[in-house]
$ cat query-v4.cif   # mmCIF, C-alpha atoms
data_upload
#
loop_
_atom_site.label_atom_id
_atom_site.label_comp_id
_atom_site.auth_asym_id
_atom_site.auth_seq_id
_atom_site.Cartn_x
_atom_site.Cartn_y
_atom_site.Cartn_z
CA ARG T 6 -8.83 -47.85 -88.20
CA ALA T 7 -6.08 -48.60 -85.70
CA LEU T 8 -8.61 -49.08 -82.90
CA GLU T 9 -10.77 -51.37 -85.03
CA GLY T 10 -7.63 -53.35 -85.94
CA LEU T 11 -6.59 -53.70 -82.30
CA VAL T 12 -10.02 -55.04 -81.41
CA ASP T 13 -9.88 -57.45 -84.36
CA SER T 14 -6.48 -58.69 -83.12
CA GLY T 15 -7.99 -59.85 -79.84
CA LEU T 16 -5.58 -57.75 -77.76
CA LEU T 17 -8.20 -55.58 -76.04
CA ALA T 18 -10.40 -56.51 -73.09
CA GLY T 19 -12.67 -53.51 -73.61
CA VAL T 20 -13.12 -50.28 -75.51
CA LEU T 21 -13.87 -46.80 -74.17
CA ASP T 22 -14.70 -44.78 -77.28
CA LEU T 23 -15.13 -41.14 -76.33
CA THR T 24 -14.47 -39.51 -79.72
CA THR T 25 -16.27 -40.84 -82.77
CA THR T 26 -15.65 -37.90 -85.12
CA GLU T 27 -14.48 -40.21 -87.92
CA LEU T 28 -18.14 -41.14 -88.40
CA ALA T 29 -18.91 -37.53 -89.32
CA ASP T 30 -16.04 -37.50 -91.80
CA ASP T 31 -17.33 -40.74 -93.33
CA LEU T 32 -20.86 -39.36 -93.67
CA VAL T 33 -20.02 -35.89 -95.00
CA GLY T 34 -16.72 -36.41 -96.82
CA GLY T 35 -14.05 -35.17 -94.43
CA VAL T 36 -10.41 -36.18 -94.58
CA LEU T 37 -10.29 -38.31 -91.41
CA SER T 38 -12.84 -41.00 -92.21
CA ALA T 39 -12.05 -44.41 -90.77
CA GLY T 40 -14.46 -45.98 -93.26
CA PRO T 41 -17.91 -47.49 -92.81
CA ASP T 42 -16.69 -50.16 -90.38
CA ARG T 43 -15.82 -47.63 -87.68
CA LEU T 44 -17.44 -48.61 -84.37
CA THR T 45 -18.13 -52.22 -85.40
CA ALA T 46 -15.19 -54.41 -84.31
CA ALA T 47 -15.99 -54.47 -80.58
CA GLY T 48 -19.59 -55.33 -81.28
CA ARG T 49 -18.64 -58.00 -83.80
CA HIS T 50 -16.25 -59.69 -81.35
CA GLY T 51 -18.36 -59.27 -78.22
CA VAL T 52 -15.77 -57.00 -76.60
CA PRO T 53 -17.30 -54.77 -73.90
CA GLN T 54 -17.62 -51.20 -75.12
CA VAL T 55 -18.65 -47.86 -73.70
CA VAL T 56 -19.28 -45.23 -76.36
CA ALA T 57 -20.06 -41.50 -76.51
CA PRO T 58 -20.93 -39.33 -79.51
CA GLY T 59 -17.85 -37.19 -78.93
CA ALA T 60 -16.96 -34.68 -81.65
CA LEU T 61 -19.81 -35.68 -83.97
CA ASP T 62 -20.34 -31.93 -84.34
CA MET T 63 -17.36 -31.59 -86.67
CA VAL T 64 -16.01 -32.72 -90.01
CA ASN T 65 -12.24 -32.50 -90.50
CA PHE T 66 -10.48 -30.89 -93.43
CA GLY T 67 -6.97 -29.69 -94.09
CA PRO T 68 -5.99 -26.02 -94.53
CA ARG T 69 -8.90 -23.63 -95.16
CA GLY T 70 -8.13 -23.51 -98.89
CA THR T 71 -8.66 -27.28 -99.19
CA VAL T 72 -12.28 -27.28 -97.97
CA PRO T 73 -14.45 -28.27 -100.95
CA GLU T 74 -16.30 -25.34 -102.53
CA ARG T 75 -19.69 -26.99 -101.86
CA PHE T 76 -19.08 -26.27 -98.15
CA ALA T 77 -18.13 -22.60 -98.59
CA LYS T 78 -21.30 -21.33 -96.86
CA ARG T 79 -21.10 -23.80 -93.96
CA ASP T 80 -19.94 -22.95 -90.44
CA LEU T 81 -16.15 -23.36 -90.61
CA TYR T 82 -13.55 -23.01 -87.88
CA VAL T 83 -9.84 -22.75 -88.63
CA HIS T 84 -8.36 -24.75 -85.77
CA ASN T 85 -4.77 -24.17 -86.93
CA PRO T 86 -3.01 -23.64 -90.30
CA THR T 87 -3.38 -27.32 -91.22
CA VAL T 88 -6.83 -28.16 -89.78
CA THR T 89 -10.19 -26.63 -90.65
CA LEU T 90 -13.33 -27.97 -88.98
CA MET T 91 -16.89 -27.75 -90.27
CA ARG T 92 -20.00 -27.91 -88.05
CA THR T 93 -22.38 -30.75 -88.84
CA THR T 94 -25.99 -29.80 -89.56
CA PRO T 95 -29.02 -31.01 -87.58
CA GLU T 96 -29.81 -33.43 -90.43
CA GLU T 97 -26.27 -34.81 -90.39
CA MET T 98 -26.32 -35.08 -86.60
CA ALA T 99 -29.59 -37.04 -86.75
CA GLU T 100 -28.09 -39.46 -89.27
CA LEU T 101 -24.97 -39.83 -87.14
CA GLY T 102 -27.15 -40.62 -84.13
CA ARG T 103 -28.98 -43.28 -86.14
CA ARG T 104 -25.68 -44.81 -87.28
CA VAL T 105 -24.22 -44.95 -83.77
CA ALA T 106 -27.45 -46.45 -82.42
CA ALA T 107 -27.54 -49.11 -85.16
CA LYS T 108 -23.91 -50.08 -84.65
CA LEU T 109 -24.37 -50.44 -80.90
CA ALA T 110 -27.66 -52.32 -81.32
CA ALA T 111 -25.81 -54.87 -83.49
CA ALA T 112 -23.23 -55.58 -80.77
CA THR T 113 -22.89 -59.20 -79.69
CA GLY T 114 -21.39 -58.23 -76.32
CA PRO T 115 -22.00 -55.65 -73.63
CA ALA T 116 -22.41 -52.11 -74.92
CA ALA T 117 -23.25 -48.86 -73.17
CA LEU T 118 -23.95 -45.48 -74.71
CA PHE T 119 -23.19 -42.34 -72.70
CA VAL T 120 -24.85 -39.16 -74.02
CA PRO T 121 -23.30 -35.82 -72.92
CA LEU T 122 -26.32 -33.51 -72.87
CA GLY T 123 -24.06 -30.51 -72.22
CA GLY T 124 -22.22 -30.78 -75.57
CA VAL T 125 -20.13 -33.14 -77.66
CA SER T 126 -16.85 -31.21 -78.14
CA ALA T 127 -14.88 -28.23 -76.85
CA LEU T 128 -16.19 -26.18 -79.79
CA ASP T 129 -19.77 -27.23 -78.98
CA ALA T 130 -19.77 -25.82 -75.45
CA PRO T 131 -21.92 -22.77 -74.67
CA GLY T 132 -20.34 -19.63 -76.09
CA MET T 133 -18.13 -21.57 -78.51
CA PRO T 134 -18.39 -21.40 -82.33
CA PHE T 135 -20.06 -24.80 -82.85
CA HIS T 136 -22.59 -24.49 -79.99
CA ASP T 137 -25.85 -25.62 -81.61
CA PRO T 138 -28.33 -27.17 -79.17
CA ALA T 139 -30.80 -27.98 -81.97
CA ALA T 140 -28.20 -29.99 -83.90
CA ASP T 141 -27.13 -31.81 -80.74
CA ALA T 142 -30.77 -32.53 -79.89
CA ALA T 143 -31.28 -34.09 -83.33
CA CYS T 144 -28.39 -36.46 -82.62
CA PHE T 145 -29.51 -37.22 -79.08
CA GLU T 146 -33.04 -37.99 -80.26
CA ALA T 147 -31.76 -40.35 -82.96
CA LEU T 148 -29.55 -42.08 -80.40
CA GLY T 149 -32.84 -43.20 -78.85
CA GLY T 150 -32.70 -46.04 -81.37
CA ALA T 151 -30.04 -47.60 -79.17
CA GLU T 152 -32.37 -47.41 -76.16
CA ALA T 153 -35.17 -48.93 -78.22
CA ALA T 154 -32.83 -51.82 -79.05
CA ALA T 155 -32.15 -52.35 -75.32
CA VAL T 156 -28.63 -50.88 -75.41
CA GLU T 157 -27.77 -49.52 -71.98
CA THR T 158 -27.99 -45.74 -72.36
CA ARG T 159 -27.05 -43.10 -69.84
CA ARG T 160 -27.92 -39.50 -70.56
CA LEU T 161 -25.83 -37.25 -68.34
CA ASP T 162 -26.33 -33.53 -67.87
CA LEU T 163 -22.61 -33.01 -68.45
CA HIS T 164 -20.33 -31.87 -71.26
CA VAL T 165 -18.26 -34.56 -72.97
CA ASN T 166 -15.10 -32.89 -71.62
CA ASP T 167 -16.29 -32.77 -68.01
CA PRO T 168 -14.06 -35.04 -65.89
CA GLU T 169 -17.17 -36.59 -64.30
CA PHE T 170 -18.36 -37.70 -67.73
CA GLY T 171 -15.11 -39.48 -68.54
CA ARG T 172 -15.00 -41.05 -65.07
CA ALA T 173 -18.54 -42.36 -65.42
CA MET T 174 -17.65 -43.98 -68.76
CA ALA T 175 -14.42 -45.46 -67.38
CA ASP T 176 -16.19 -46.77 -64.27
CA ARG T 177 -18.84 -48.47 -66.40
CA LEU T 178 -16.24 -50.10 -68.65
CA HIS T 179 -14.34 -51.33 -65.59
CA GLU T 180 -17.55 -52.87 -64.26
CA MET T 181 -18.20 -54.59 -67.60
CA ILE T 182 -14.68 -56.00 -67.83
CA SER T 183 -14.47 -57.11 -64.20
CA GLY T 184 -17.98 -58.55 -64.16
CA GLY T 185 -19.26 -55.96 -61.72
CA ALA T 186 -22.74 -54.50 -61.38
CA GLU T 187 -24.83 -54.00 -64.47
#

$ encode --input "query-v4.cif" --output "structure tokens"
Amino acid sequence: RALEGLVDSGLLAGVLDLTTTELADDLVGGVLSAGPDRLTAAGRHGVPQVVAPGALDMVNFGPRGTVPERFAKRDLYVHNPTVTLMRTTPEEMAELGRRVAAKLAAATGPAALFVPLGGVSALDAPGMPFHDPAADAACFEALGGAEAAAVETRRLDLHVNDPEFGRAMADRLHEMISGGAE
């Protein structure tokens, strides 16, 4: 909500949005939802934005005992005594991909989507507890809606936490803000 408010204030020249996990919380009912307007202010104001589906693999809850009973059989990870994370399902990931694509397609200014084909969070890396290539693929396929709407999309064979991925996003935002190459 703070980011959306800063964009609304007119104080930002561009937005690099690497972690969009609040969208998962909004969809599934986690405790860190930023509401349905998350990822809309930059598009509404024509502010250049570069976005990745970072951390869409997780829904945030408080201590393990606070996770709603309806999620008891889901894949849970106790991050620390005050944070429990739940892996999103392939169906949820597909819906999240559709939502990100729709929000970017509605942008009135420059928007670019960077898709990390190697994973969307530290817990989603190979060998980690949330590694689920099928769920990620469902999201990545649904993100194709952004491409269909002519949103610049770059699919990189990198993990979201790879330095090269972050640099590529930052370089693209710099180009957008400075009027560099498209």

$ resolve_selection --input "query-v4.cif" --expression "the PyMOL selection byres ((chain T and resi 128) around 10)" --output "PyMOL selection string"
chain T and resi 60+62-63+82+84+90+92+124-127+129-137

$ resolve_selection --input "query-v4.cif" --expression "the PyMOL selection byres ((chain T and resi 44) around 9)" --output "list in words"
Leu8, Glu9, Asp22, Thr25, Leu28, Pro41, Asp42, Arg43, Thr45, Ala46, Ala47, Gly48, Val56, Val105, Lys108 and Leu109 of chain T

$ write_last_selection --input "query-v4.cif" --atoms "C-alpha atoms" --output "JSON list (two decimals), in the coordinates of the input"
[["chain", "number", "residue", "atom", "x", "y", "z"],
["T", 8, "LEU", "CA", -8.61, -49.08, -82.90],
["T", 9, "GLU", "CA", -10.77, -51.37, -85.03],
["T", 22, "ASP", "CA", -14.70, -44.78, -77.28],
["T", 25, "THR", "CA", -16.27, -40.84, -82.77],
["T", 28, "LEU", "CA", -18.14, -41.14, -88.40],
["T", 41, "PRO", "CA", -17.91, -47.49, -92.81],
["T", 42, "ASP", "CA", -16.69, -50.16, -90.38],
["T", 43, "ARG", "CA", -15.82, -47.63, -87.68],
["T", 45, "THR", "CA", -18.13, -52.22, -85.40],
["T", 46, "ALA", "CA", -15.19, -54.41, -84.31],
["T", 47, "ALA", "CA", -15.99, -54.47, -80.58],
["T", 48, "GLY", "CA", -19.59, -55.33, -81.28],
["T", 56, "VAL", "CA", -19.28, -45.23, -76.36],
["T", 105, "VAL", "CA", -24.22, -44.95, -83.77],
["T", 108, "LYS", "CA", -23.91, -50.08, -84.65],
["T", 109, "LEU", "CA", -24.37, -50.44, -80.90]]

$ atom_distance --input "query-v4.cif" --atom1 "atom CA of T:Val64" --atom2 "atom CA of T:Arg104"
15.7 Å

$ resolve_selection --input "query-v4.cif" --expression "the PyMOL selection byres ((chain T and resi 178) around 10)" --output "ChimeraX atom specification"
/T:18-21,53-56,115-117,172-177,179-185

$ write_last_selection --input "query-v4.cif" --atoms "C-alpha atoms" --output "compact mmCIF listing (two decimals), in the coordinates of the input"
# COMPACT_ATOMS: atom_id res chain seq x y z
CA ALA T 18 -10.40 -56.51 -73.09
CA GLY T 19 -12.67 -53.51 -73.61
CA VAL T 20 -13.12 -50.28 -75.51
CA LEU T 21 -13.87 -46.80 -74.17
CA PRO T 53 -17.30 -54.77 -73.90
CA GLN T 54 -17.62 -51.20 -75.12
CA VAL T 55 -18.65 -47.86 -73.70
CA VAL T 56 -19.28 -45.23 -76.36
CA PRO T 115 -22.00 -55.65 -73.63
CA ALA T 116 -22.41 -52.11 -74.92
CA ALA T 117 -23.25 -48.86 -73.17
CA ARG T 172 -15.00 -41.05 -65.07
CA ALA T 173 -18.54 -42.36 -65.42
CA MET T 174 -17.65 -43.98 -68.76
CA ALA T 175 -14.42 -45.46 -67.38
CA ASP T 176 -16.19 -46.77 -64.27
CA ARG T 177 -18.84 -48.47 -66.40
CA HIS T 179 -14.34 -51.33 -65.59
CA GLU T 180 -17.55 -52.87 -64.26
CA MET T 181 -18.20 -54.59 -67.60
CA ILE T 182 -14.68 -56.00 -67.83
CA SER T 183 -14.47 -57.11 -64.20
CA GLY T 184 -17.98 -58.55 -64.16
CA GLY T 185 -19.26 -55.96 -61.72

$ atom_distance --input "query-v4.cif" --atom1 "atom CA of T:Leu81" --atom2 "atom CA of T:Arg69"
8.6 Å

$ atom_distance --input "query-v4.cif" --atom1 "atom CA of T:Arg103" --atom2 "atom CA of T:Cys144"
7.7 Å

$ closest_residue --input "query-v4.cif" --among "T:Gly15, T:Gly10, T:Gly51, T:Pro86" --to "T:Gly67" --atoms "all atoms listed in the file"
T:Pro86

$ closest_residue --input "query-v4.cif" --among "T:Leu17, T:Val72, T:Ala29, T:Ala110" --to "T:Thr94" --atoms "only C-alpha atoms"
T:Ala29

$ closest_residue --input "query-v4.cif" --among "T:Asn65, T:Asn166, T:Ser14, T:Thr158" --to "T:Leu37" --atoms "all atoms listed in the file"
T:Asn65

$ closest_residue --input "query-v4.cif" --among "T:Pro138, T:Pro58, T:Pro68, T:Pro95" --to "T:Leu118" --atoms "all atoms listed in the file"
T:Pro58

$ axis_aligned_box --input "query-v4.cif" --around "stretch 121-129 of chain T" --padding-each-side "4 Å" --output "JSON"
{"center_x": -20.6, "center_y": -31.0, "center_z": -76.0, "size_x": 19.4, "size_y": 17.6, "size_z": 15.6}

$ closest_residue --input "query-v4.cif" --among "T:Ala7, T:Leu163, T:Met91, T:Val83" --to "T:Val36" --atoms "all atoms listed in the file"
T:Met91

$ build_atoms --input "query-v4.cif" --residues "stretch 124-138 of chain T" --atoms "N, CA and C atoms" --output "tab-separated table (two decimals), in the coordinates of the input"
chain	number	residue	atom	x	y	z
T	124	GLY	N	-23.02	-31.07	-74.37
T	124	GLY	CA	-22.22	-30.78	-75.57
T	124	GLY	C	-21.26	-31.89	-75.89
T	125	VAL	N	-20.92	-32.00	-77.18
T	125	VAL	CA	-20.13	-33.14	-77.66
T	125	VAL	C	-18.67	-32.83	-77.98
T	126	SER	N	-18.26	-31.56	-77.90
T	126	SER	CA	-16.85	-31.21	-78.14
T	126	SER	C	-16.55	-29.87	-77.48
T	127	ALA	N	-15.26	-29.53	-77.42
T	127	ALA	CA	-14.88	-28.23	-76.85
T	127	ALA	C	-15.49	-27.09	-77.64
T	128	LEU	N	-15.61	-27.24	-78.96
T	128	LEU	CA	-16.19	-26.18	-79.79
T	128	LEU	C	-17.71	-26.12	-79.69
T	129	ASP	N	-18.32	-27.14	-79.10
T	129	ASP	CA	-19.77	-27.23	-78.98
T	129	ASP	C	-20.27	-26.74	-77.62
T	130	ALA	N	-19.37	-26.32	-76.76
T	130	ALA	CA	-19.77	-25.82	-75.45
T	130	ALA	C	-20.45	-24.46	-75.59
T	131	PRO	N	-21.28	-24.09	-74.62
T	131	PRO	CA	-21.92	-22.77	-74.67
T	131	PRO	C	-20.90	-21.65	-74.88
T	132	GLY	N	-21.21	-20.75	-75.79
T	132	GLY	CA	-20.34	-19.63	-76.09
T	132	GLY	C	-19.26	-19.93	-77.11
T	133	MET	N	-19.16	-21.17	-77.54
T	133	MET	CA	-18.13	-21.57	-78.51
T	133	MET	C	-18.74	-21.60	-79.92
T	134	PRO	N	-17.89	-21.57	-80.96
T	134	PRO	CA	-18.39	-21.40	-82.33
T	134	PRO	C	-19.30	-22.50	-82.86
T	135	PHE	N	-19.22	-23.72	-82.34
T	135	PHE	CA	-20.06	-24.80	-82.85
T	135	PHE	C	-21.24	-25.11	-81.92
T	136	HIS	N	-21.47	-24.25	-80.92
T	136	HIS	CA	-22.59	-24.49	-79.99
T	136	HIS	C	-23.89	-24.42	-80.79
T	137	ASP	N	-24.60	-25.54	-80.85
T	137	ASP	CA	-25.85	-25.62	-81.61
T	137	ASP	C	-26.75	-26.65	-80.93
T	138	PRO	N	-27.48	-26.23	-79.91
T	138	PRO	CA	-28.33	-27.17	-79.17
T	138	PRO	C	-29.33	-27.92	-80.05
